[in-house]
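S.K.: Sharing data.json, JSON, C-alpha atoms:
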```json
[["chain", "number", "residue", "atom", "x", "y", "z"],
["A", 187, "MET", "CA", -30.81, -9.93, 27.42],
["A", 188, "ASN", "CA", -29.32, -9.54, 30.88],
["A", 189, "ASP", "CA", -28.69, -6.27, 32.73],
["A", 190, "VAL", "CA", -24.97, -6.25, 31.93],
["A", 191, "SER", "CA", -25.67, -6.63, 28.22],
["A", 192, "GLN", "CA", -28.24, -3.84, 28.32],
["A", 193, "VAL", "CA", -25.78, -1.49, 30.04],
["A", 194, "ARG", "CA", -23.05, -2.43, 27.57],
["A", 195, "ASN", "CA", -25.39, -1.79, 24.62],
["A", 196, "LEU", "CA", -26.46, 1.54, 26.11],
["A", 197, "ASN", "CA", -22.83, 2.57, 26.56],
["A", 198, "ASP", "CA", -22.04, 1.52, 22.97],
["A", 199, "ASP", "CA", -25.00, 3.56, 21.71],
["A", 200, "ARG", "CA", -23.86, 6.63, 23.66],
["A", 201, "ARG", "CA", -20.31, 6.23, 22.36],
["A", 202, "LYS", "CA", -21.61, 6.05, 18.77],
["A", 203, "GLN", "CA", -23.82, 9.10, 19.33],
["A", 204, "ASN", "CA", -20.86, 11.07, 20.69],
["A", 205, "MET", "CA", -18.66, 9.99, 17.77],
["A", 206, "ASN", "CA", -21.35, 11.08, 15.32],
["A", 207, "LEU", "CA", -21.82, 14.34, 17.19],
["A", 208, "GLU", "CA", -18.07, 14.99, 17.17],
["A", 209, "ARG", "CA", -17.99, 14.34, 13.42],
["A", 210, "ASP", "CA", -20.85, 16.80, 12.90],
["A", 211, "ILE", "CA", -19.10, 19.39, 15.07],
["A", 212, "VAL", "CA", -15.90, 19.06, 13.04],
["A", 213, "MET", "CA", -17.94, 19.53, 9.86],
["A", 214, "ALA", "CA", -19.45, 22.69, 11.39],
["A", 215, "LEU", "CA", -16.02, 23.98, 12.43],
["A", 216, "ARG", "CA", -14.86, 23.53, 8.84],
["A", 217, "GLN", "CA", -17.45, 26.16, 7.87],
["A", 218, "VAL", "CA", -15.85, 28.82, 10.09],
["A", 219, "TYR", "CA", -13.06, 30.71, 8.37],
["A", 220, "ASP", "CA", -10.34, 32.89, 9.76],
["A", 221, "PRO", "CA", -11.21, 36.34, 8.38],
["A", 222, "GLU", "CA", -7.60, 37.00, 7.36],
["A", 223, "ILE", "CA", -6.68, 33.56, 5.97],
["A", 224, "PRO", "CA", -8.82, 31.66, 3.45],
["A", 225, "VAL", "CA", -8.77, 28.44, 5.50],
["A", 226, "ASN", "CA", -11.22, 27.17, 8.09],
["A", 227, "VAL", "CA", -10.34, 27.16, 11.79],
["A", 228, "TYR", "CA", -10.24, 23.37, 12.02],
["A", 229, "ASP", "CA", -7.78, 22.84, 9.16],
["A", 230, "LEU", "CA", -5.73, 25.81, 10.33],
["A", 231, "GLY", "CA", -5.12, 23.80, 13.50],
["A", 232, "LEU", "CA", -6.70, 26.39, 15.78],
["A", 233, "ILE", "CA", -8.78, 23.77, 17.59],
["A", 234, "TYR", "CA", -6.52, 22.16, 20.18],
["A", 235, "GLU", "CA", -9.15, 20.09, 21.97],
["A", 236, "LEU", "CA", -12.73, 19.05, 21.33],
["A", 237, "LYS", "CA", -14.69, 17.13, 23.95],
["A", 238, "VAL", "CA", -18.34, 16.12, 24.06],
["A", 239, "ASP", "CA", -19.66, 14.91, 27.40],
["A", 240, "ALA", "CA", -22.50, 12.46, 28.02],
["A", 241, "ASP", "CA", -24.98, 15.35, 28.21],
["A", 242, "HIS", "CA", -23.85, 16.62, 24.78],
["A", 243, "LYS", "CA", -22.14, 19.66, 26.22],
["A", 244, "VAL", "CA", -19.13, 20.63, 24.14],
["A", 245, "LYS", "CA", -15.80, 21.92, 25.43],
["A", 246, "ILE", "CA", -13.38, 23.44, 22.93],
["A", 247, "VAL", "CA", -9.87, 24.62, 23.65],
["A", 248, "MET", "CA", -8.62, 26.76, 20.81],
["A", 249, "THR", "CA", -6.16, 29.45, 19.86],
["A", 250, "LEU", "CA", -5.78, 32.04, 17.14],
["A", 251, "THR", "CA", -2.93, 32.62, 14.72],
["A", 252, "ALA", "CA", -1.73, 35.64, 16.75],
["A", 253, "PRO", "CA", -2.42, 36.83, 20.30],
["A", 254, "ASN", "CA", -3.14, 40.36, 19.11],
["A", 255, "CYS", "CA", -5.71, 39.26, 16.53],
["A", 256, "PRO", "CA", -8.21, 42.11, 16.16],
["A", 257, "MET", "CA", -10.92, 39.63, 15.16],
["A", 258, "ALA", "CA", -10.53, 37.36, 18.22],
["A", 259, "ASP", "CA", -14.02, 37.93, 19.63],
["A", 260, "TYR", "CA", -15.58, 37.51, 16.20],
["A", 261, "VAL", "CA", -13.82, 34.19, 15.51],
["A", 262, "VAL", "CA", -14.67, 32.77, 18.95],
["A", 263, "GLU", "CA", -18.33, 33.78, 18.53],
["A", 264, "GLN", "CA", -18.45, 32.22, 15.06],
["A", 265, "VAL", "CA", -17.01, 28.96, 16.42],
["A", 266, "LYS", "CA", -19.50, 28.90, 19.29],
["A", 267, "SER", "CA", -22.43, 29.70, 17.01],
["A", 268, "ALA", "CA", -21.45, 27.00, 14.52],
["A", 269, "VAL", "CA", -21.16, 24.38, 17.27],
["A", 270, "LEU", "CA", -24.44, 25.36, 18.91],
["A", 271, "ASP", "CA", -26.17, 25.03, 15.53],
["A", 272, "VAL", "CA", -25.24, 21.34, 15.35],
["A", 273, "PRO", "CA", -28.33, 19.24, 16.17],
["A", 274, "GLY", "CA", -27.87, 17.50, 19.50],
["A", 275, "VAL", "CA", -25.44, 20.00, 21.01],
["A", 276, "VAL", "CA", -26.79, 21.33, 24.30],
["A", 277, "ASP", "CA", -24.11, 23.86, 25.22],
["A", 278, "CYS", "CA", -20.65, 24.96, 24.15],
["A", 279, "ASP", "CA", -17.83, 26.32, 26.28],
["A", 280, "ILE", "CA", -14.79, 27.76, 24.52],
["A", 281, "GLU", "CA", -11.46, 28.35, 26.19],
["A", 282, "LEU", "CA", -9.12, 30.60, 24.23],
["A", 283, "VAL", "CA", -5.47, 29.82, 25.01],
["A", 284, "TRP", "CA", -2.13, 31.20, 23.85],
["A", 285, "GLU", "CA", 0.07, 28.29, 24.84],
["A", 286, "PRO", "CA", 1.25, 26.48, 22.95],
["A", 287, "LEU", "CA", 1.53, 29.22, 20.37],
["A", 288, "TRP", "CA", 0.05, 28.40, 16.99],
["A", 289, "ASP", "CA", 2.48, 27.83, 14.13],
["A", 290, "GLN", "CA", 2.30, 26.45, 10.60],
["A", 291, "SER", "CA", 3.10, 22.91, 11.75],
["A", 292, "ARG", "CA", -0.52, 22.72, 12.96],
["A", 293, "LEU", "CA", -1.94, 23.14, 9.44],
["A", 294, "SER", "CA", -3.74, 20.14, 7.96],
["A", 295, "GLU", "CA", -2.58, 18.83, 4.59],
["A", 296, "GLU", "CA", -5.68, 20.42, 3.03],
["A", 297, "ALA", "CA", -4.74, 23.80, 4.49],
["A", 298, "LYS", "CA", -1.17, 23.51, 3.23],
["A", 299, "VAL", "CA", -2.45, 22.83, -0.29],
["A", 300, "GLU", "CA", -4.94, 25.72, -0.06],
["A", 301, "LEU", "CA", -2.18, 28.09, 1.04],
["A", 302, "GLY", "CA", 0.35, 26.78, -1.47],
["A", 303, "LEU", "CA", 2.66, 25.44, 1.23],
["A", 304, "ASP", "CA", 2.78, 21.81, 0.09]]
```
Please express what this file holds, its structure, as structure tokens.

M.R.:
Amino acid sequence: MNDVSQVRNLNDDRRKQNMNLERDIVMALRQVYDPEIPVNVYDLGLIYELKVDADHKVKIVMTLTAPNCPMADYVVEQVKSAVLDVPGVVDCDIELVWEPLWDQSRLSEEAKVELGLD
């Protein structure tokens, strides 16, 4: 195997690892529930962006259902804790944003069914 093939295989392996890690992170996020709504933060559409870098550091951009949510710190800490518990994750940075504002159009089909909005 030549050097180019080895680099290509290494890059493919890293890409697969990141895809698997992202899948595991999404599964973990689906275990974190909004304390006021019986739906997890992922299916609520609160996670706007999820990135995993080559060093397995995770960056999440998320929002909450309302800017004045009294449980904001709790939800953010639960998200961070869930992500850091995923094997392979080295670090997790969460950016809480208010734009664009969350609305029901961000709900997954599963969340709509759970909330009786289908």

S.K.: The centre and edge lengths of an axis-aligned box containing all atoms of stretch 220-224 of chain A present in the file, extended by 6 Å on each side, are to be given in Å to one decimal, as lines of an AutoDock Vina configuration file.

M.R.:
```
center_x = -8.9
center_y = 34.3
center_z = 6.6
size_x = 16.5
size_y = 17.3
size_z = 18.3
```

S.K.: Write out as a VMD selection string each polymer residue whose atoms come within 9 Å of A:Met248, counting only C-alpha atoms; drop sequence neighbours fewer than 5 positions from it.

M.R.: chain A and resid 231 to 236 262 280 to 284

S.K.: Could you tell me how far atom CA of A:Gly274 sits from atom CA of A:Asp220, in Å to one decimal place?

M.R.: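 Between atom CA of A:Asp220 and atom CA of A:Gly274 the gap is 25.3 Å.
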
S.K.: What is the atom CA of A:Asp279 to atom CA of A:Ala214 distance in Å?

M.R.: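 So the answer is 15.4 Å.
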
S.K.: So which one's closest to A:Val275, A:Lys243, A:Arg292, A:Arg201, A:Arg209? Using all atoms listed in the file, please.

M.R.: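 With all atoms listed in the file as the atom set, the closest residue is A:Lys243.
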
S.K.: Give as a PyMOL selection string each residue that has an atom at most 7 Å from (-20.4, 29.1, 11.7) in the file, counting all atoms listed in the file.

M.R.: chain A and resi 214-215+217-218+264-265+267-268

S.K.: Create the file for the chosen residues now, containing C-alpha atoms and written as a PDB file, in the coordinates of the input.

M.R.:
```pdb
ATOM      1  CA  ALA A 214     -19.450  22.690  11.390  1.00  0.00           C
ATOM      2  CA  LEU A 215     -16.020  23.980  12.430  1.00  0.00           C
ATOM      3  CA  GLN A 217     -17.450  26.160   7.870  1.00  0.00           C
ATOM      4  CA  VAL A 218     -15.850  28.820  10.090  1.00  0.00           C
ATOM      5  CA  GLN A 264     -18.450  32.220  15.060  1.00  0.00           C
ATOM      6  CA  VAL A 265     -17.010  28.960  16.420  1.00  0.00           C
ATOM      7  CA  SER A 267     -22.430  29.700  17.010  1.00  0.00           C
ATOM      8  CA  ALA A 268     -21.450  27.000  14.520  1.00  0.00           C
TER       9      ALA A 268
END
```

S.K.: Using atom CA of A:Trp288 and atom CA of A:Ile246 as the two end points, give the distance in Å to one decimal.

M.R.: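 Taking atom CA of A:Trp288 and atom CA of A:Ile246, their separation equals 15.5 Å.
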
S.K.: What's the 9 Å shell around A:Lys298, counting only C-alpha atoms, without same-chain residues fewer than 5 positions away, as a PyMOL selection string?

M.R.: chain A and resi 229-230+290+293+303-304

S.K.: Please determine, counting all atoms listed in the file, which residue among A:Glu300, A:Glu285, A:Glu208, A:Asp271 has the shortest atom-to-atom distance to A:Val238.

M.R.: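 Result for the nearest residue to A:Val238: A:Glu208.
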
S.K.: Nearest to A:Met257: which of A:Ala240, A:Ile223, A:Ile211, A:Ala297 is it, counting all atoms listed in the file?

M.R.: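 With all atoms listed in the file as the atom set, the closest residue is A:Ile223.
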